[in-house]
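Source file: coords04.pdb (PDB, C-alpha atoms (C1' of nucleotides))
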```pdb
ATOM      1  CA  MET A 694      16.176  14.705  -3.689
ATOM      2  CA  LYS A 695      13.238  13.866  -1.438
ATOM      3  CA  ILE A 696      11.493  10.604  -2.396
ATOM      4  CA  ALA A 697       8.309   9.480  -0.625
ATOM      5  CA  SER A 698       5.922   6.535  -0.637
ATOM      6  CA  TRP A 699       2.248   6.638   0.324
ATOM      7  CA  ASN A 700      -0.545   4.092   0.004
ATOM      8  CA  VAL A 701      -3.456   6.521  -0.422
ATOM      9  CA  ASN A 702      -6.290   3.921  -0.566
ATOM     10  CA  SER A 703      -8.126   5.614  -3.484
ATOM     11  CA  ILE A 704      -6.603   8.603  -5.306
ATOM     12  CA  LYS A 705     -10.099  10.003  -5.831
ATOM     13  CA  VAL A 706     -11.066  10.109  -2.148
ATOM     14  CA  ARG A 707      -7.596  11.144  -0.950
ATOM     15  CA  LEU A 708      -6.862  13.835  -3.555
ATOM     16  CA  PRO A 709      -7.394  16.778  -1.139
ATOM     17  CA  HIS A 710      -5.047  15.168   1.425
ATOM     18  CA  LEU A 711      -2.495  14.427  -1.290
ATOM     19  CA  LEU A 712      -2.484  17.980  -2.682
ATOM     20  CA  ALA A 713      -2.161  19.439   0.831
ATOM     21  CA  TRP A 714       0.700  17.083   1.615
ATOM     22  CA  LEU A 715       2.574  17.914  -1.598
ATOM     23  CA  LYS A 716       2.397  21.573  -0.632
ATOM     24  CA  ALA A 717       3.485  20.979   2.970
ATOM     25  CA  ALA A 718       6.168  18.300   2.499
ATOM     26  CA  LYS A 719       7.455  19.406  -0.931
ATOM     27  CA  PRO A 720       8.751  16.000  -2.045
ATOM     28  CA  ASP A 721      10.559  15.771  -5.393
ATOM     29  CA  VAL A 722       9.003  12.367  -6.037
ATOM     30  CA  VAL A 723       6.027  10.526  -4.502
ATOM     31  CA  CYS A 724       5.210   6.884  -5.151
ATOM     32  CA  LEU A 725       1.512   6.133  -4.651
ATOM     33  CA  GLN A 726      -0.233   2.790  -4.143
ATOM     34  CA  GLU A 727      -3.861   1.638  -4.167
ATOM     35  CA  THR A 728      -4.951   4.458  -6.431
ATOM     36  CA  LYS A 729      -7.893   2.172  -7.377
ATOM     37  CA  THR A 730      -8.664   3.669 -10.749
ATOM     38  CA  VAL A 731      -7.934   3.285 -14.447
ATOM     39  CA  GLU A 732      -5.506   5.729 -16.067
ATOM     40  CA  ASP A 733      -8.368   7.557 -17.853
ATOM     41  CA  ASN A 734      -9.854   8.580 -14.495
ATOM     42  CA  PHE A 735      -6.548   9.615 -12.876
ATOM     43  CA  PRO A 736      -6.626  13.278 -11.713
ATOM     44  CA  PHE A 737      -3.786  14.442 -13.975
ATOM     45  CA  LEU A 738      -4.992  18.064 -14.122
ATOM     46  CA  GLU A 739      -5.028  18.613 -10.354
ATOM     47  CA  ILE A 740      -1.637  16.893  -9.991
ATOM     48  CA  GLU A 741      -0.131  19.027 -12.767
ATOM     49  CA  ALA A 742      -1.557  22.192 -11.231
ATOM     50  CA  ALA A 743       0.365  21.250  -8.068
ATOM     51  CA  GLY A 744       3.601  21.142 -10.100
ATOM     52  CA  TYR A 745       3.957  17.390 -10.688
ATOM     53  CA  THR A 746       3.771  15.047 -13.658
ATOM     54  CA  ALA A 747       2.385  11.548 -13.148
ATOM     55  CA  ALA A 748       3.390   8.096 -14.403
ATOM     56  CA  VAL A 749       0.397   5.794 -13.893
ATOM     57  CA  ALA A 750      -0.266   2.062 -13.962
ATOM     58  CA  GLY A 751      -4.031   1.886 -13.485
ATOM     59  CA  GLN A 752      -6.629  -0.802 -12.870
ATOM     60  CA  LYS A 753     -10.351  -0.734 -12.140
ATOM     61  CA  THR A 754     -11.382  -1.043  -8.460
ATOM     62  CA  TYR A 755      -8.213  -2.711  -7.183
ATOM     63  CA  ASN A 756      -4.488  -1.953  -6.928
ATOM     64  CA  GLY A 757      -3.162   0.874  -9.099
ATOM     65  CA  VAL A 758       0.185   2.652  -8.625
ATOM     66  CA  ALA A 759       1.664   5.961  -9.704
ATOM     67  CA  ILE A 760       4.803   8.085  -9.508
ATOM     68  CA  LEU A 761       4.477  11.854  -9.158
ATOM     69  CA  SER A 762       7.575  13.880 -10.032
ATOM     70  CA  ALA A 763       8.458  17.559  -9.837
ATOM     71  CA  HIS A 764      11.306  16.900 -12.316
ATOM     72  CA  PRO A 765      11.365  15.455 -15.838
ATOM     73  CA  MET A 766      10.561  11.752 -15.773
ATOM     74  CA  THR A 767      10.924   8.894 -18.256
ATOM     75  CA  VAL A 768       8.742   5.812 -17.657
ATOM     76  CA  THR A 769      10.756   2.563 -17.794
ATOM     77  CA  GLU A 770       8.151  -0.069 -16.693
ATOM     78  CA  LYS A 771       4.358  -0.164 -16.275
ATOM     79  CA  ARG A 772       4.158  -3.724 -14.945
ATOM     80  CA  LEU A 773       6.526  -5.907 -12.944
ATOM     81  CA  PRO A 774       8.480  -7.955 -15.525
ATOM     82  CA  GLY A 775       8.641 -11.740 -15.332
ATOM     83  CA  ASN A 776       5.042 -12.805 -16.093
ATOM     84  CA  LYS A 777       3.249 -11.356 -19.120
ATOM     85  CA  ALA A 778      -0.023 -12.994 -18.036
ATOM     86  CA  ASP A 779      -0.083 -10.963 -14.803
ATOM     87  CA  GLU A 780      -2.222  -7.881 -15.453
ATOM     88  CA  GLN A 781      -2.408  -6.566 -11.871
ATOM     89  CA  ALA A 782      -1.267  -2.930 -11.659
ATOM     90  CA  ARG A 783       1.258  -3.200  -8.844
ATOM     91  CA  TYR A 784       4.459  -1.736 -10.323
ATOM     92  CA  VAL A 785       5.489   1.377 -12.198
ATOM     93  CA  GLU A 786       9.083   2.537 -12.649
ATOM     94  CA  ALA A 787      10.683   5.706 -14.000
ATOM     95  CA  GLU A 788      14.024   7.467 -14.353
ATOM     96  CA  ILE A 789      14.192  10.859 -12.625
ATOM     97  CA  GLU A 790      17.366  12.971 -12.496
ATOM     98  CA  GLY A 791      19.544   9.895 -12.877
ATOM     99  CA  VAL A 792      17.706   7.922 -10.173
ATOM    100  CA  ARG A 793      15.515   4.936 -11.028
ATOM    101  CA  VAL A 794      12.373   5.026  -8.852
ATOM    102  CA  ALA A 795       9.738   2.284  -8.585
ATOM    103  CA  SER A 796       6.306   2.450  -6.965
ATOM    104  CA  VAL A 797       5.650  -1.017  -5.553
ATOM    105  CA  TYR A 798       2.358  -2.488  -4.309
ATOM    106  CA  LEU A 799       3.231  -5.979  -3.208
ATOM    107  CA  PRO A 800       0.342  -8.485  -2.897
ATOM    108  CA  ASN A 801      -1.211  -8.855   0.559
ATOM    109  CA  GLY A 802      -1.181 -12.667   0.340
ATOM    110  CA  ASN A 803      -3.861 -13.510   2.897
ATOM    111  CA  PRO A 804      -4.953 -16.057   3.746
ATOM    112  CA  VAL A 805      -1.770 -18.128   4.027
ATOM    113  CA  GLY A 806      -2.110 -21.510   2.317
ATOM    114  CA  THR A 807      -4.126 -20.211  -0.648
ATOM    115  CA  GLU A 808      -3.224 -19.251  -4.210
ATOM    116  CA  LYS A 809      -3.067 -15.654  -2.966
ATOM    117  CA  PHE A 810      -0.095 -16.468  -0.763
ATOM    118  CA  ASP A 811       1.616 -18.334  -3.610
ATOM    119  CA  TYR A 812       1.054 -15.281  -5.824
ATOM    120  CA  LYS A 813       2.689 -13.076  -3.182
ATOM    121  CA  LEU A 814       5.812 -15.243  -2.938
ATOM    122  CA  GLY A 815       6.034 -15.533  -6.735
ATOM    123  CA  TRP A 816       5.684 -11.769  -7.076
ATOM    124  CA  MET A 817       8.506 -11.260  -4.559
ATOM    125  CA  GLU A 818      10.718 -13.657  -6.533
ATOM    126  CA  ARG A 819      10.016 -11.647  -9.704
ATOM    127  CA  LEU A 820      10.843  -8.418  -7.855
ATOM    128  CA  LYS A 821      14.127  -9.950  -6.716
ATOM    129  CA  ARG A 822      15.063 -10.978 -10.264
ATOM    130  CA  HIS A 823      14.193  -7.510 -11.560
ATOM    131  CA  ALA A 824      16.248  -5.853  -8.798
ATOM    132  CA  GLU A 825      19.208  -8.064  -9.738
ATOM    133  CA  GLY A 826      19.034  -6.648 -13.254
ATOM    134  CA  LEU A 827      18.893  -3.078 -11.979
ATOM    135  CA  LEU A 828      21.854  -3.685  -9.656
ATOM    136  CA  LYS A 829      24.021  -4.702 -12.603
ATOM    137  CA  THR A 830      23.611  -1.197 -14.065
ATOM    138  CA  GLU A 831      25.226   0.297 -10.912
ATOM    139  CA  THR A 832      22.827   3.255 -11.095
ATOM    140  CA  PRO A 833      21.088   4.524  -7.970
ATOM    141  CA  PHE A 834      17.561   3.172  -7.523
ATOM    142  CA  VAL A 835      14.804   3.222  -4.910
ATOM    143  CA  LEU A 836      12.046   0.606  -4.563
ATOM    144  CA  ALA A 837       9.354   2.566  -2.720
ATOM    145  CA  GLY A 838       6.027   1.188  -1.709
ATOM    146  CA  ASP A 839       3.596  -0.858   0.305
ATOM    147  CA  PHE A 840       5.489  -4.139   0.572
ATOM    148  CA  ASN A 841       2.858  -5.815   2.776
ATOM    149  CA  VAL A 842       5.824  -7.195   4.738
ATOM    150  CA  ILE A 843       6.489  -6.799   8.467
ATOM    151  CA  PRO A 844      10.266  -7.296   8.427
ATOM    152  CA  SER A 845      10.764  -8.074  12.138
ATOM    153  CA  LYS A 846       9.110  -8.082  15.540
ATOM    154  CA  ALA A 847      10.293  -4.489  15.987
ATOM    155  CA  ASP A 848       7.890  -3.514  13.200
ATOM    156  CA  VAL A 849       4.604  -4.713  14.722
ATOM    157  CA  HIS A 850       2.718  -3.803  17.899
ATOM    158  CA  ASP A 851       1.847  -7.453  18.648
ATOM    159  CA  PRO A 852       4.142 -10.028  16.992
ATOM    160  CA  GLU A 853       2.256 -13.024  18.445
ATOM    161  CA  GLY A 854      -1.051 -11.742  17.105
ATOM    162  CA  TRP A 855       0.358 -11.560  13.576
ATOM    163  CA  GLU A 856       2.081 -14.970  13.520
ATOM    164  CA  LYS A 857      -0.511 -16.536  11.179
ATOM    165  CA  ASP A 858      -0.694 -13.526   8.855
ATOM    166  CA  ALA A 859       0.792 -13.396   5.350
ATOM    167  CA  LEU A 860       2.482 -10.070   6.213
ATOM    168  CA  TYR A 861       4.551 -11.733   8.962
ATOM    169  CA  ASP A 862       4.828 -15.322   7.691
ATOM    170  CA  PRO A 863       8.418 -16.664   7.901
ATOM    171  CA  ARG A 864       8.453 -17.298   4.118
ATOM    172  CA  THR A 865       7.397 -13.696   3.439
ATOM    173  CA  ARG A 866      10.068 -12.328   5.769
ATOM    174  CA  ALA A 867      12.728 -14.603   4.252
ATOM    175  CA  LYS A 868      11.879 -13.356   0.742
ATOM    176  CA  PHE A 869      12.138  -9.770   2.007
ATOM    177  CA  ARG A 870      15.550 -10.523   3.522
ATOM    178  CA  ALA A 871      16.589 -12.026   0.172
ATOM    179  CA  LEU A 872      16.072  -8.552  -1.314
ATOM    180  CA  LEU A 873      18.290  -7.076   1.391
ATOM    181  CA  TYR A 874      20.958  -9.749   0.802
ATOM    182  CA  LEU A 875      21.238  -8.511  -2.791
ATOM    183  CA  GLY A 876      22.667  -5.359  -1.266
ATOM    184  CA  LEU A 877      19.526  -3.264  -0.850
ATOM    185  CA  THR A 878      19.093  -1.076   2.231
ATOM    186  CA  ASP A 879      15.916  -0.629   4.294
ATOM    187  CA  ALA A 880      16.343   3.144   4.638
ATOM    188  CA  PHE A 881      14.190   3.674   7.726
ATOM    189  CA  ARG A 882      15.609   0.754   9.733
ATOM    190  CA  THR A 883      19.194   1.680   8.808
ATOM    191  CA  LEU A 884      18.847   5.262  10.052
ATOM    192  CA  HIS A 885      16.622   4.300  13.028
ATOM    193  CA  PRO A 886      17.974   0.940  14.240
ATOM    194  CA  GLN A 887      16.173   1.005  17.614
ATOM    195  CA  THR A 888      12.904   2.779  16.822
ATOM    196  CA  MET A 889       9.517   1.037  16.798
ATOM    197  CA  ALA A 890       7.593   3.081  14.256
ATOM    198  CA  PHE A 891       4.594   2.317  12.068
ATOM    199  CA  THR A 892       3.309   3.370   8.642
ATOM    200  CA  TYR A 893      -0.101   1.631   8.779
ATOM    201  CA  TRP A 894      -2.918   1.443  11.302
ATOM    202  CA  ASP A 895      -6.116  -0.526  10.630
ATOM    203  CA  TYR A 896      -9.345   1.441  10.335
ATOM    204  CA  GLN A 897     -10.968  -0.951  12.809
ATOM    205  CA  GLY A 898     -10.917  -1.134  16.568
ATOM    206  CA  GLY A 899      -9.383   2.273  17.199
ATOM    207  CA  ALA A 900      -5.994   1.015  16.017
ATOM    208  CA  TRP A 901      -4.732   4.544  15.304
ATOM    209  CA  GLN A 902      -5.804   5.953  18.677
ATOM    210  CA  ARG A 903      -4.213   2.955  20.443
ATOM    211  CA  ASP A 904      -1.113   3.042  18.189
ATOM    212  CA  LEU A 905      -1.604  -0.572  17.130
ATOM    213  CA  GLY A 906       0.272  -0.349  13.846
ATOM    214  CA  LEU A 907       2.630  -2.016  11.426
ATOM    215  CA  ARG A 908       5.697  -0.873   9.501
ATOM    216  CA  ILE A 909       4.950  -2.282   6.041
ATOM    217  CA  ASP A 910       5.744   0.677   3.752
ATOM    218  CA  HIS A 911       9.420   0.640   2.847
ATOM    219  CA  LEU A 912      12.116   2.427   0.870
ATOM    220  CA  LEU A 913      14.693  -0.087  -0.387
ATOM    221  CA  LEU A 914      17.803   1.635  -1.717
ATOM    222  CA  SER A 915      20.481   0.332  -4.059
ATOM    223  CA  PRO A 916      24.122   0.745  -2.937
ATOM    224  CA  GLN A 917      24.591   3.866  -5.088
ATOM    225  CA  ALA A 918      21.423   5.381  -3.585
ATOM    226  CA  THR A 919      22.413   4.370  -0.054
ATOM    227  CA  ASP A 920      25.708   6.248  -0.501
ATOM    228  CA  ARG A 921      23.608   9.411  -0.802
ATOM    229  CA  LEU A 922      21.054   8.665   1.982
ATOM    230  CA  THR A 923      20.918  11.537   4.504
ATOM    231  CA  ALA A 924      17.464  11.161   6.130
ATOM    232  CA  CYS A 925      14.410   8.925   6.328
ATOM    233  CA  GLU A 926      11.244   9.671   8.304
ATOM    234  CA  ILE A 927       7.621   8.633   8.690
ATOM    235  CA  ASP A 928       5.206  11.590   8.504
ATOM    236  CA  LYS A 929       2.229  10.765  10.714
ATOM    237  CA  ALA A 930       0.395  14.047  10.067
ATOM    238  CA  PRO A 931      -1.841  12.819   7.191
ATOM    239  CA  ARG A 932      -3.084   9.866   9.296
ATOM    240  CA  LYS A 933      -4.527  12.342  11.835
ATOM    241  CA  LEU A 934      -6.877  14.033   9.327
ATOM    242  CA  GLU A 935     -10.583  13.381   8.748
ATOM    243  CA  LYS A 936     -11.169  10.446   6.362
ATOM    244  CA  PRO A 937      -7.495   9.447   6.226
ATOM    245  CA  SER A 938      -5.831   6.631   4.347
ATOM    246  CA  ASP A 939      -4.982   3.740   6.661
ATOM    247  CA  HIS A 940      -1.306   4.327   5.629
ATOM    248  CA  THR A 941       0.846   7.421   6.161
ATOM    249  CA  PRO A 942       3.813   8.616   4.038
ATOM    250  CA  VAL A 943       7.423   7.559   4.545
ATOM    251  CA  TRP A 944      10.158   9.558   2.827
ATOM    252  CA  CYS A 945      13.921   9.668   2.372
ATOM    253  CA  GLU A 946      16.384  12.335   1.295
ATOM    254  CA  LEU A 947      19.215  11.601  -1.141
ATOM    255  CA  GLY A 948      22.105  14.067  -1.186
ATOM    256  CA  PRO A 949      23.660  15.380  -4.389
ATOM    257  CA  GLU A 950      25.097  13.063  -6.985
ATOM    258  CA  PRO A 951      28.860  12.585  -6.525
ATOM    259  CA  THR A 952      30.760  14.641  -9.113
ATOM    260  CA  GLY A 953      33.668  12.239  -9.434
ATOM    261  CA  GLN A 954      36.077  15.141  -8.850
ATOM    262  CA  MET A 955      38.837  14.865  -6.280
ATOM    263  CA  SER A 956      38.411  17.079  -3.232
ATOM    264  CA  ALA A 957      41.231  19.508  -2.527
TER     265      ALA A 957
ATOM    266  C1'  DA B 680     -19.004 -15.330  19.639
ATOM    267  C1'  DT B 681     -19.470 -11.535  16.874
ATOM    268  C1'  DG B 682     -18.515  -7.510  14.391
ATOM    269  C1'  DG B 683     -15.915  -4.020  14.141
ATOM    270  C1'  DT B 684     -13.878   0.138   8.976
ATOM    271  C1'  DA B 685     -13.189   1.745   4.230
ATOM    272  C1'  DG B 686     -13.582   1.853  -0.848
ATOM    273  C1'  DC B 687     -15.333   0.227  -5.098
ATOM    274  C1'  DC B 688     -19.823   0.981  -9.281
ATOM    275  C1'  DT B 689     -20.917  -3.458  -5.672
ATOM    276  C1'  DT B 690     -24.715  -5.800  -2.898
ATOM    277  C1'  DG B 691     -19.394  -9.259  -2.440
ATOM    278  C1'  DC B 692     -14.438  -8.635  -2.620
ATOM    279  C1'  DT B 693     -10.154  -6.867  -1.045
ATOM    280  C1'  DA B 694      -7.627  -5.025   2.489
TER     281       DA B 694
END
```

Since I need it in another form, could you write the structure as structure tokens?
Amino acid sequence: MKIASWNVNSIKVRLPHLLAWLKAAKPDVVCLQETKTVEDNFPFLEIEAAGYTAAVAGQKTYNGVAILSAHPMTVTEKRLPGNKADEQARYVEAEIEGVRVASVYLPNGNPVGTEKFDYKLGWMERLKRHAEGLLKTETPFVLAGDFNVIPSKADVHDPEGWEKDALYDPRTRAKFRALLYLGLTDAFRTLHPQTMAFTYWDYQGGAWQRDLGLRIDHLLLSPQATDRLTACEIDKAPRKLEKPSDHTPVWCELGPEPTGQMSA
DNA sequence: ATGGTAGCCTTGCTA
């Protein structure tokens, strides 16, 4: 089961790139972020024609997440639990072939020292509490998305330059580690312990051409999902196209579900 | 020192 995450920065503008990538990469599941549209304007017809159903949490202008699945899917959440007053569309979750998959768009949090940064840390605490609940079920799950977190200095071209940024703030990184301490696995870093690789390059200043990027899009796997992890890669091809998203997809492969039968 | 890019249904805000 191939599960991907991609911040498309507008589903409307990026639809041609998305459809081409579905055809080329053939993921079973894709988690999208920054779709930037309400559910009524989501391109369900084009997505269905490509062989996928969509679970959508929409919002006008900002945020917006979705899960595209080539297999039957049951939606389990359309908002991150833990604060009913929070209407930002940053979380959608579904059950697909026995795997719980969440599309996560964690708040950016800049500038540090404002209510935006407090919102980010609070959102991460809510995500942690929700993950704790999922862990108790002992079912495989994948939190896939734009976490807006640079986990370590190996995930940024210029650590000193990002010291004051909400994506690299010590409190942000500590909250991210708290997710890992629950028993979640950063799939890319686990399979590529020494590789400096990025999933995001700013539109400005020729960041892509100069490879000045960040690794902020992550696949966090539960123990039962990690048992099945066979591959995890960043696909830089979509970032090379005309009018690209500033993010590129990251994907992982989960092997077959254990049968519980003894081997001979 | 400044502005540099992209998307939204706007003329500023978010990233």

Could I get the residues of stretch 694-754 of chain A with an atom no further than 12 Å from an atom of stretch 689-694 of chain B, each paired with its nearest atom pair and that distance in Å to one decimal, using all atoms listed in the file, sorted by chain and residue number, as CSV?
```
residue,atom,partner,partner_atom,distance
A:Asn700,CA,B:DA694,C1',11.8
A:Asn702,CA,B:DA694,C1',9.5
A:Glu727,CA,B:DA694,C1',10.1
A:Lys729,CA,B:DT693,C1',11.3
A:Thr754,CA,B:DT693,C1',9.5
```

Residues of chain A at most 7 Å from chain B: nearest atom pair and distance in Å, only C-alpha atoms (C1' of nucleotides), as JSON lines:
```
{"residue": "A:Thr754", "atom": "CA", "partner": "B:DC687", "partner_atom": "C1'", "distance": 5.3}
{"residue": "A:Tyr896", "atom": "CA", "partner": "B:DT684", "partner_atom": "C1'", "distance": 4.9}
{"residue": "A:Gln897", "atom": "CA", "partner": "B:DT684", "partner_atom": "C1'", "distance": 4.9}
{"residue": "A:Gly898", "atom": "CA", "partner": "B:DG683", "partner_atom": "C1'", "distance": 6.3}
```

Can I get the selected residues back with C-alpha atoms, as a PDB file, keeping the file's coordinate frame?
```pdb
ATOM      1  CA  THR A 754     -11.382  -1.043  -8.460  1.00  0.00           C
ATOM      2  CA  TYR A 896      -9.345   1.441  10.335  1.00  0.00           C
ATOM      3  CA  GLN A 897     -10.968  -0.951  12.809  1.00  0.00           C
ATOM      4  CA  GLY A 898     -10.917  -1.134  16.568  1.00  0.00           C
TER       5      GLY A 898
END
```

Using the chain letters and numbers from the file, which residues does the PyMOL selection byres ((chain A and resi 758) around 9) grab, as a PyMOL selection string? chain A and resi 700+724-729+748-752+756-757+759-760+782-785+796-798

So how far away is atom CA of A:Val835 from atom CA of A:Pro765, in Å?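 Spanning atom CA of A:Pro765 to atom CA of A:Val835 is a straight-line distance of 16.8 Å.
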
Suppose you want the space between atom CA of A:Pro852 and atom CA of A:Gly876; what is it in Å? 26.4 Å

Interatomic distance, atom CA of A:Phe891 to atom CA of A:Lys719 (Å, one decimal):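 Atom CA of A:Lys719 lies at a distance of 21.7 Å from atom CA of A:Phe891.
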
Could you list the residues chosen by the PyMOL selection byres ((chain A and resi 909) around 6) in this structure as a list in words?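 Applied to this file, the PyMOL selection byres ((chain A and resi 909) around 6) selects Phe840, Asn841, Val842, Ile843, Leu907, Arg908 and Asp910 of chain A.
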
Would you fill out stretch 717-729 of chain A with N, CA and C atoms and return it as a PDB file, in the frame of the given file?
```
ATOM      1  N   ALA A 717       2.838  20.894   1.658  1.00  0.00           N
ATOM      2  CA  ALA A 717       3.485  20.979   2.970  1.00  0.00           C
ATOM      3  C   ALA A 717       4.847  20.300   2.994  1.00  0.00           C
ATOM      4  N   ALA A 718       4.949  19.116   2.388  1.00  0.00           N
ATOM      5  CA  ALA A 718       6.168  18.300   2.499  1.00  0.00           C
ATOM      6  C   ALA A 718       7.140  18.554   1.345  1.00  0.00           C
ATOM      7  N   LYS A 719       6.627  19.076   0.232  1.00  0.00           N
ATOM      8  CA  LYS A 719       7.455  19.406  -0.931  1.00  0.00           C
ATOM      9  C   LYS A 719       8.409  18.279  -1.363  1.00  0.00           C
ATOM     10  N   PRO A 720       7.886  17.074  -1.538  1.00  0.00           N
ATOM     11  CA  PRO A 720       8.751  16.000  -2.045  1.00  0.00           C
ATOM     12  C   PRO A 720       9.077  16.237  -3.527  1.00  0.00           C
ATOM     13  N   ASP A 721      10.239  15.751  -3.961  1.00  0.00           N
ATOM     14  CA  ASP A 721      10.559  15.771  -5.393  1.00  0.00           C
ATOM     15  C   ASP A 721       9.810  14.676  -6.135  1.00  0.00           C
ATOM     16  N   VAL A 722       9.643  13.538  -5.439  1.00  0.00           N
ATOM     17  CA  VAL A 722       9.003  12.367  -6.037  1.00  0.00           C
ATOM     18  C   VAL A 722       8.109  11.701  -4.990  1.00  0.00           C
ATOM     19  N   VAL A 723       6.905  11.300  -5.377  1.00  0.00           N
ATOM     20  CA  VAL A 723       6.027  10.526  -4.502  1.00  0.00           C
ATOM     21  C   VAL A 723       5.542   9.292  -5.248  1.00  0.00           C
ATOM     22  N   CYS A 724       5.734   8.133  -4.615  1.00  0.00           N
ATOM     23  CA  CYS A 724       5.210   6.884  -5.151  1.00  0.00           C
ATOM     24  C   CYS A 724       3.905   6.571  -4.440  1.00  0.00           C
ATOM     25  N   LEU A 725       2.838   6.388  -5.217  1.00  0.00           N
ATOM     26  CA  LEU A 725       1.512   6.133  -4.651  1.00  0.00           C
ATOM     27  C   LEU A 725       1.099   4.688  -4.916  1.00  0.00           C
ATOM     28  N   GLN A 726       0.331   4.134  -3.971  1.00  0.00           N
ATOM     29  CA  GLN A 726      -0.233   2.790  -4.143  1.00  0.00           C
ATOM     30  C   GLN A 726      -1.725   2.812  -3.815  1.00  0.00           C
ATOM     31  N   GLU A 727      -2.401   1.784  -4.314  1.00  0.00           N
ATOM     32  CA  GLU A 727      -3.861   1.638  -4.167  1.00  0.00           C
ATOM     33  C   GLU A 727      -4.597   2.897  -4.648  1.00  0.00           C
ATOM     34  N   THR A 728      -4.236   3.329  -5.837  1.00  0.00           N
ATOM     35  CA  THR A 728      -4.951   4.458  -6.431  1.00  0.00           C
ATOM     36  C   THR A 728      -6.361   4.031  -6.866  1.00  0.00           C
ATOM     37  N   LYS A 729      -6.559   2.753  -7.148  1.00  0.00           N
ATOM     38  CA  LYS A 729      -7.893   2.172  -7.377  1.00  0.00           C
ATOM     39  C   LYS A 729      -8.665   2.806  -8.522  1.00  0.00           C
TER      40      LYS A 729
END
```
